[in-house]
Structures are given as C-alpha cells and as structure tokens.
Amino acid sequence: MSLPIDLIDRLKNAGIPLAEHEPMSRRTTFGIGGEALLLRPADREQLQTAVSLCRAAGQPPFILGRGSNLLVSDAGIARPVLQLGQGFAAVTREGNSLRCGAGASLISICRAAAENALSGIEWAYGIPGSLGGGVYMNAGAYGGELRDVLTEVTFLDEAGEYCTLPVGELALSYRHSIFEERDCVIVEAVLALTPAEEPAIRAAMEDYMSRRREKQPLEYGSAGSTFKRPMGNYASALVDQCGLKGLAVGGAEVSRKHAGFIINRGGATAADVKKLIAEVQRVVREKTGYTLECEIKFVE
C-alpha cells in the first residue's frame, strides 16, 4: 500500500474513521489479502467527504461490502478501501416494504423480514454478504434474486450527489447491475415483500440454511461460488465431471463437498487461488468445451 501522505492527513482531519494498515484477510470471507487503507464513514456526510477527498487525490476508493465475493491480492489494495460503517446498517419497515441500509447484512435483513412477518427474501438466509454488495451483483440463490424484491436504490453518484433510481433503471440481470459500469456507492435500498405467517417464513429460512450446511463447505473460508453458471449447464457439475474435486494448489483446493467452491484449507494465498482457478478453467475447457467465467472479483 502506497498512498499520498497528504490524503491520509486530510481524511484524518475530516474525522473519517480509518485504519492505515488493515489486513484484508480480516475483511474477506476467503481470509486472504494484503493490507489496505480502510475507511469506515459513519454517515452520509462522512461518506461524501471521504469519497470527495479520495477522488480529488486521484485515488477513487474501492467499495467493500462484507468481502464475500472477493479475492484480494497478496500485496493488498493500492487505493483506499471504503466500507460503510454501522450507520448504514439500519433496517426499518414501511408498510409491506423494508428500507435497508446498504451496510446491513443479508442475514440480518432476512431476520428483520421474519420478525415483521414479511416473505420474499428467505432464499438469502445464509448468504454472508451485505445488501450493497448483493445489489451490485444482483445476488441470488435457490431460484430467487434481489431484482425480484427491489423497488429502488439510493446511491452516491460520480458527481458526489445522492440519487435514487427505481429498479427498472438498474439494468439488473444474472449477477449484474448498472453499478458494475459506474463509480457509485450504494447506500440504501427498498425491498417490497409479502405478508405471511412468521412461523412459515422462519421454517423456510431454516430449510435454506440447512441446505447450505449440507451441501456447501461452510467450515472453510471461500468466496462463495467460484464460477458463473454457463448457458445450458452448471459450473459445479462440469468441474465434478472433470474429476477436479480435491485438486489443490498450495493452500487452495477445489472443495470435495461442492465442486463449485474453491476453499482456503489453510494458508492459501491469492496466487494459489488464481493458479487453481486457471487450471480448473483449462481442464474444463479442454474436456467439455465450456469456458467457465469467474463470479469472484479480483482486487489489487
């Protein structure tokens, strides 16, 4: 990490909470990654200030959710990393909708929905990411996607102003949103849900969680599903078909429990994971003709 000293001084003088040498291995579900300057603005005013100072210094920040879909370089991240503070984690009911801060975890939103007897987000119970990260990639599982329940998203735009767009203007598709092409910070979203019986909602949530525990290697660090679903097939089925379960490079391994996951079985580096991903892609392409596209985002 090498950033202008005057930028760090300006951020400190503005009262932005920060950590100068934060190991990203502590901030990602993979448990991998070098150091970065971590900014954790507590409210919208601090967020505007932090982003403005970074952009003015030619160091636009990398926006970090809960680090569940990332592989961070062993050398760390060269620009400031911004993670929304606790002030962006509120979840409040508005009729049959939930207004949620982008820093709220998907798990906490599922629990809030259950407490308010609102259904439609049960499938997300157990996903370790934040709502902001989920909106960014239109997260989904078990046949559900965030675009099914989103009504609007509020974000800090490229000009440093807060804007709100309806779901129809977010270009949501499979693991994609308009935010992947823009330099914005998602701060809030509204989810439209459906009234239902709380016991039934909680039963569905526990069913999804049980399925995850049974089929996914939750006992190891990972970034979730490694590859996107290819047209006409499933990534995990192709990896399994090629006999790649258990294939390892250093501390990284194709999970023996679920071929769609690459896990950190202990001491894995980002270089290990990247080499393993490349080998899996090569073998699958040669044996099946399918080209597997990574769902994991690489950051350095």
# chains A, B, ... in the order shown; residues from 1 in each chain; ligands from 1
>>> closest_atom_pairs(of="range 44-153 of chain A", to="range 250-267 of chain A", cutoff="12 Å", atoms="only C-alpha atoms", output="Markdown table")
| residue | atom | partner | partner_atom | distance |
| --- | --- | --- | --- | --- |
| A:Asn69 | CA | A:Phe261 | CA | 11.5 |
| A:Leu71 | CA | A:Ile262 | CA | 11.1 |
| A:Asp74 | CA | A:Gly267 | CA | 11.6 |
>>> residues_around(residues="Glu161 in chain A", least_positions_apart="6", cutoff="10 Å", atoms="only C-alpha atoms", output="ChimeraX atom specification")
/A:48,155,184
>>> select_by_dssp(residues="range 130-185 of chain A", states="helix (DSSP H, G or I)", output="PyMOL selection string")
chain A and resi 131-136+146-148+167-169+178-181
>>> write_last_selection(atoms="all heavy atoms", output="short mmCIF file (atom, residue, chain, number, x, y, z; two decimals), in the first residue's frame")
data_model
loop_
_atom_site.label_atom_id
_atom_site.label_comp_id
_atom_site.auth_asym_id
_atom_site.auth_seq_id
_atom_site.Cartn_x
_atom_site.Cartn_y
_atom_site.Cartn_z
N LEU A 131 -26.14 -6.03 1.82
CA LEU A 131 -27.15 -5.68 0.84
C LEU A 131 -26.52 -4.91 -0.32
O LEU A 131 -26.86 -5.14 -1.48
CB LEU A 131 -28.26 -4.85 1.48
CG LEU A 131 -29.34 -4.37 0.51
CD1 LEU A 131 -30.09 -5.54 -0.10
CD2 LEU A 131 -30.31 -3.42 1.20
N GLY A 132 -25.59 -3.98 0.00
CA GLY A 132 -24.97 -3.21 -1.07
C GLY A 132 -24.25 -4.09 -2.07
O GLY A 132 -24.39 -3.93 -3.29
N GLY A 133 -23.48 -5.05 -1.56
CA GLY A 133 -22.80 -5.99 -2.44
C GLY A 133 -23.79 -6.84 -3.21
O GLY A 133 -23.58 -7.16 -4.38
N GLY A 134 -24.89 -7.20 -2.54
CA GLY A 134 -25.92 -8.00 -3.20
C GLY A 134 -26.58 -7.27 -4.34
O GLY A 134 -26.83 -7.83 -5.41
N VAL A 135 -26.87 -5.97 -4.14
CA VAL A 135 -27.46 -5.16 -5.20
C VAL A 135 -26.47 -5.01 -6.36
O VAL A 135 -26.84 -5.13 -7.53
CB VAL A 135 -27.88 -3.78 -4.66
CG1 VAL A 135 -28.27 -2.85 -5.81
CG2 VAL A 135 -29.03 -3.91 -3.67
N TYR A 136 -25.22 -4.76 -6.02
CA TYR A 136 -24.17 -4.54 -7.03
C TYR A 136 -24.12 -5.70 -8.02
O TYR A 136 -23.98 -5.48 -9.24
CB TYR A 136 -22.83 -4.39 -6.32
CG TYR A 136 -21.66 -4.15 -7.23
CD1 TYR A 136 -21.31 -2.86 -7.63
CD2 TYR A 136 -20.87 -5.21 -7.69
CE1 TYR A 136 -20.22 -2.63 -8.46
CE2 TYR A 136 -19.78 -4.99 -8.52
CZ TYR A 136 -19.46 -3.70 -8.90
OH TYR A 136 -18.38 -3.49 -9.73
N LEU A 146 -32.31 -10.66 -6.04
CA LEU A 146 -32.70 -9.40 -5.42
C LEU A 146 -33.62 -8.58 -6.31
O LEU A 146 -34.49 -7.86 -5.83
CB LEU A 146 -31.46 -8.58 -5.03
CG LEU A 146 -30.86 -8.93 -3.67
CD1 LEU A 146 -29.60 -8.12 -3.42
CD2 LEU A 146 -31.86 -8.69 -2.54
N ARG A 147 -33.44 -8.69 -7.63
CA ARG A 147 -34.29 -7.90 -8.51
C ARG A 147 -35.77 -8.27 -8.36
O ARG A 147 -36.66 -7.50 -8.75
CB ARG A 147 -33.86 -8.05 -9.96
CG ARG A 147 -34.03 -9.43 -10.57
CD ARG A 147 -33.68 -9.42 -12.04
NE ARG A 147 -33.53 -10.76 -12.59
CZ ARG A 147 -33.23 -11.00 -13.87
NH1 ARG A 147 -33.08 -10.00 -14.71
NH2 ARG A 147 -33.09 -12.24 -14.30
N ASP A 148 -36.06 -9.45 -7.80
CA ASP A 148 -37.44 -9.86 -7.60
C ASP A 148 -38.14 -9.04 -6.53
O ASP A 148 -39.38 -8.96 -6.51
CB ASP A 148 -37.51 -11.34 -7.21
CG ASP A 148 -36.93 -12.27 -8.26
OD1 ASP A 148 -36.96 -11.90 -9.45
OD2 ASP A 148 -36.45 -13.36 -7.89
N VAL A 167 -36.09 0.32 -9.68
CA VAL A 167 -35.46 -0.94 -10.08
C VAL A 167 -35.37 -1.10 -11.59
O VAL A 167 -34.42 -1.67 -12.11
CB VAL A 167 -36.21 -2.14 -9.44
CG1 VAL A 167 -37.64 -2.23 -9.97
CG2 VAL A 167 -35.46 -3.44 -9.66
N GLY A 168 -36.35 -0.55 -12.32
CA GLY A 168 -36.35 -0.69 -13.77
C GLY A 168 -35.21 0.02 -14.48
O GLY A 168 -34.96 -0.23 -15.65
N GLU A 169 -34.52 0.91 -13.76
CA GLU A 169 -33.41 1.64 -14.37
C GLU A 169 -32.04 1.15 -13.89
O GLU A 169 -31.02 1.81 -14.11
CB GLU A 169 -33.56 3.14 -14.07
CG GLU A 169 -34.80 3.76 -14.70
CD GLU A 169 -34.91 5.24 -14.42
OE1 GLU A 169 -33.87 5.91 -14.27
OE2 GLU A 169 -36.05 5.75 -14.34
N ILE A 178 -26.28 -2.07 -13.13
CA ILE A 178 -25.68 -0.89 -13.75
C ILE A 178 -24.48 -0.39 -12.96
O ILE A 178 -23.58 0.25 -13.49
CB ILE A 178 -26.75 0.23 -13.87
CG1 ILE A 178 -26.27 1.34 -14.79
CG2 ILE A 178 -27.12 0.79 -12.50
CD1 ILE A 178 -27.34 2.38 -15.07
N PHE A 179 -24.43 -0.74 -11.66
CA PHE A 179 -23.35 -0.23 -10.81
C PHE A 179 -21.99 -0.83 -11.16
O PHE A 179 -20.96 -0.28 -10.79
CB PHE A 179 -23.69 -0.48 -9.34
CG PHE A 179 -24.93 0.24 -8.90
CD1 PHE A 179 -26.10 -0.47 -8.63
CD2 PHE A 179 -24.95 1.62 -8.79
CE1 PHE A 179 -27.25 0.20 -8.26
CE2 PHE A 179 -26.10 2.29 -8.43
CZ PHE A 179 -27.26 1.58 -8.16
N GLU A 180 -21.97 -1.94 -11.88
CA GLU A 180 -20.70 -2.52 -12.30
C GLU A 180 -20.02 -1.65 -13.36
O GLU A 180 -18.82 -1.76 -13.56
CB GLU A 180 -20.91 -3.94 -12.84
CG GLU A 180 -21.34 -4.91 -11.74
CD GLU A 180 -21.27 -6.36 -12.20
OE1 GLU A 180 -21.15 -6.61 -13.41
OE2 GLU A 180 -21.34 -7.24 -11.33
N GLU A 181 -20.78 -0.78 -14.03
CA GLU A 181 -20.20 0.11 -15.03
C GLU A 181 -20.08 1.55 -14.53
O GLU A 181 -19.67 2.43 -15.28
CB GLU A 181 -21.06 0.12 -16.31
CG GLU A 181 -20.94 -1.12 -17.16
CD GLU A 181 -21.80 -2.27 -16.66
OE1 GLU A 181 -23.00 -2.06 -16.43
OE2 GLU A 181 -21.26 -3.37 -16.48
#
>>> closest_atom_pairs(of="range 3-82 of chain A", to="range 273-280 of chain A", cutoff="12 Å", atoms="only C-alpha atoms", output="CSV")
residue,atom,partner,partner_atom,distance
A:Phe30,CA,A:Val273,CA,10.0
A:Gly31,CA,A:Val273,CA,11.8
A:Ile32,CA,A:Val273,CA,9.6
A:Gly33,CA,A:Val273,CA,11.3
A:Leu70,CA,A:Val273,CA,11.3
A:Leu71,CA,A:Val273,CA,8.2
A:Val72,CA,A:Val273,CA,10.3
A:Ser73,CA,A:Lys274,CA,9.8
A:Asp74,CA,A:Val273,CA,10.8
>>> write_last_selection(atoms="all heavy atoms", output="PDB file, in the first residue's frame")
ATOM      1  N   PHE A  30     -12.800 -15.188   2.302  1.00  0.00           N
ATOM      2  CA  PHE A  30     -11.733 -16.093   1.883  1.00  0.00           C
ATOM      3  C   PHE A  30     -10.619 -16.158   2.927  1.00  0.00           C
ATOM      4  O   PHE A  30      -9.867 -17.122   3.010  1.00  0.00           O
ATOM      5  CB  PHE A  30     -11.133 -15.621   0.555  1.00  0.00           C
ATOM      6  CG  PHE A  30     -11.124 -16.666  -0.526  1.00  0.00           C
ATOM      7  CD1 PHE A  30     -11.321 -16.298  -1.854  1.00  0.00           C
ATOM      8  CD2 PHE A  30     -10.912 -18.008  -0.249  1.00  0.00           C
ATOM      9  CE1 PHE A  30     -11.309 -17.244  -2.872  1.00  0.00           C
ATOM     10  CE2 PHE A  30     -10.897 -18.969  -1.257  1.00  0.00           C
ATOM     11  CZ  PHE A  30     -11.100 -18.575  -2.563  1.00  0.00           C
ATOM     12  N   GLY A  31     -10.488 -15.069   3.714  1.00  0.00           N
ATOM     13  CA  GLY A  31      -9.387 -14.990   4.668  1.00  0.00           C
ATOM     14  C   GLY A  31      -8.058 -14.795   3.978  1.00  0.00           C
ATOM     15  O   GLY A  31      -7.015 -15.248   4.445  1.00  0.00           O
ATOM     16  N   ILE A  32      -8.081 -14.086   2.851  1.00  0.00           N
ATOM     17  CA  ILE A  32      -6.893 -13.877   2.014  1.00  0.00           C
ATOM     18  C   ILE A  32      -6.801 -12.397   1.662  1.00  0.00           C
ATOM     19  O   ILE A  32      -7.814 -11.742   1.429  1.00  0.00           O
ATOM     20  CB  ILE A  32      -6.974 -14.705   0.712  1.00  0.00           C
ATOM     21  CG1 ILE A  32      -6.946 -16.207   1.020  1.00  0.00           C
ATOM     22  CG2 ILE A  32      -5.857 -14.343  -0.254  1.00  0.00           C
ATOM     23  CD1 ILE A  32      -7.219 -17.084  -0.196  1.00  0.00           C
ATOM     24  N   GLY A  33      -5.571 -11.864   1.611  1.00  0.00           N
ATOM     25  CA  GLY A  33      -5.391 -10.498   1.131  1.00  0.00           C
ATOM     26  C   GLY A  33      -4.422  -9.697   1.969  1.00  0.00           C
ATOM     27  O   GLY A  33      -4.386  -9.827   3.195  1.00  0.00           O
ATOM     28  N   LEU A  70     -14.892 -11.821  -3.102  1.00  0.00           N
ATOM     29  CA  LEU A  70     -13.651 -11.175  -3.500  1.00  0.00           C
ATOM     30  C   LEU A  70     -12.419 -12.040  -3.275  1.00  0.00           C
ATOM     31  O   LEU A  70     -12.358 -12.809  -2.319  1.00  0.00           O
ATOM     32  CB  LEU A  70     -13.445  -9.883  -2.694  1.00  0.00           C
ATOM     33  CG  LEU A  70     -14.489  -8.783  -2.812  1.00  0.00           C
ATOM     34  CD1 LEU A  70     -14.137  -7.658  -1.867  1.00  0.00           C
ATOM     35  CD2 LEU A  70     -14.580  -8.277  -4.234  1.00  0.00           C
ATOM     36  N   LEU A  71     -11.447 -11.859  -4.153  1.00  0.00           N
ATOM     37  CA  LEU A  71     -10.108 -12.374  -3.926  1.00  0.00           C
ATOM     38  C   LEU A  71      -9.173 -11.173  -3.993  1.00  0.00           C
ATOM     39  O   LEU A  71      -9.004 -10.564  -5.048  1.00  0.00           O
ATOM     40  CB  LEU A  71      -9.721 -13.409  -4.982  1.00  0.00           C
ATOM     41  CG  LEU A  71      -8.294 -13.949  -4.857  1.00  0.00           C
ATOM     42  CD1 LEU A  71      -8.102 -14.682  -3.535  1.00  0.00           C
ATOM     43  CD2 LEU A  71      -7.962 -14.866  -6.027  1.00  0.00           C
ATOM     44  N   VAL A  72      -8.595 -10.813  -2.851  1.00  0.00           N
ATOM     45  CA  VAL A  72      -7.716  -9.644  -2.761  1.00  0.00           C
ATOM     46  C   VAL A  72      -6.263 -10.079  -2.934  1.00  0.00           C
ATOM     47  O   VAL A  72      -5.831 -11.088  -2.362  1.00  0.00           O
ATOM     48  CB  VAL A  72      -7.899  -8.921  -1.410  1.00  0.00           C
ATOM     49  CG1 VAL A  72      -6.898  -7.782  -1.256  1.00  0.00           C
ATOM     50  CG2 VAL A  72      -9.321  -8.388  -1.285  1.00  0.00           C
ATOM     51  N   SER A  73      -5.510  -9.304  -3.675  1.00  0.00           N
ATOM     52  CA  SER A  73      -4.101  -9.579  -3.935  1.00  0.00           C
ATOM     53  C   SER A  73      -3.315  -9.754  -2.632  1.00  0.00           C
ATOM     54  O   SER A  73      -3.607  -9.111  -1.621  1.00  0.00           O
ATOM     55  CB  SER A  73      -3.505  -8.422  -4.738  1.00  0.00           C
ATOM     56  OG  SER A  73      -2.094  -8.454  -4.725  1.00  0.00           O
ATOM     57  N   ASP A  74      -2.293 -10.598  -2.694  1.00  0.00           N
ATOM     58  CA  ASP A  74      -1.414 -10.779  -1.537  1.00  0.00           C
ATOM     59  C   ASP A  74      -0.675  -9.493  -1.196  1.00  0.00           C
ATOM     60  O   ASP A  74      -0.258  -9.291  -0.052  1.00  0.00           O
ATOM     61  CB  ASP A  74      -0.406 -11.896  -1.821  1.00  0.00           C
ATOM     62  CG  ASP A  74      -1.092 -13.230  -2.080  1.00  0.00           C
ATOM     63  OD1 ASP A  74      -1.978 -13.604  -1.298  1.00  0.00           O
ATOM     64  OD2 ASP A  74      -0.753 -13.897  -3.085  1.00  0.00           O
TER      65      ASP A  74
END
>>> select_by_dssp(residues="range 33-183 of chain A", states="strand (DSSP E or B)", output="PyMOL selection string")
chain A and resi 35-39+62-64+70-72+81-83+91-94+97-101+105+118-119+130+140-141+144-145+150-156+162-166+173+176
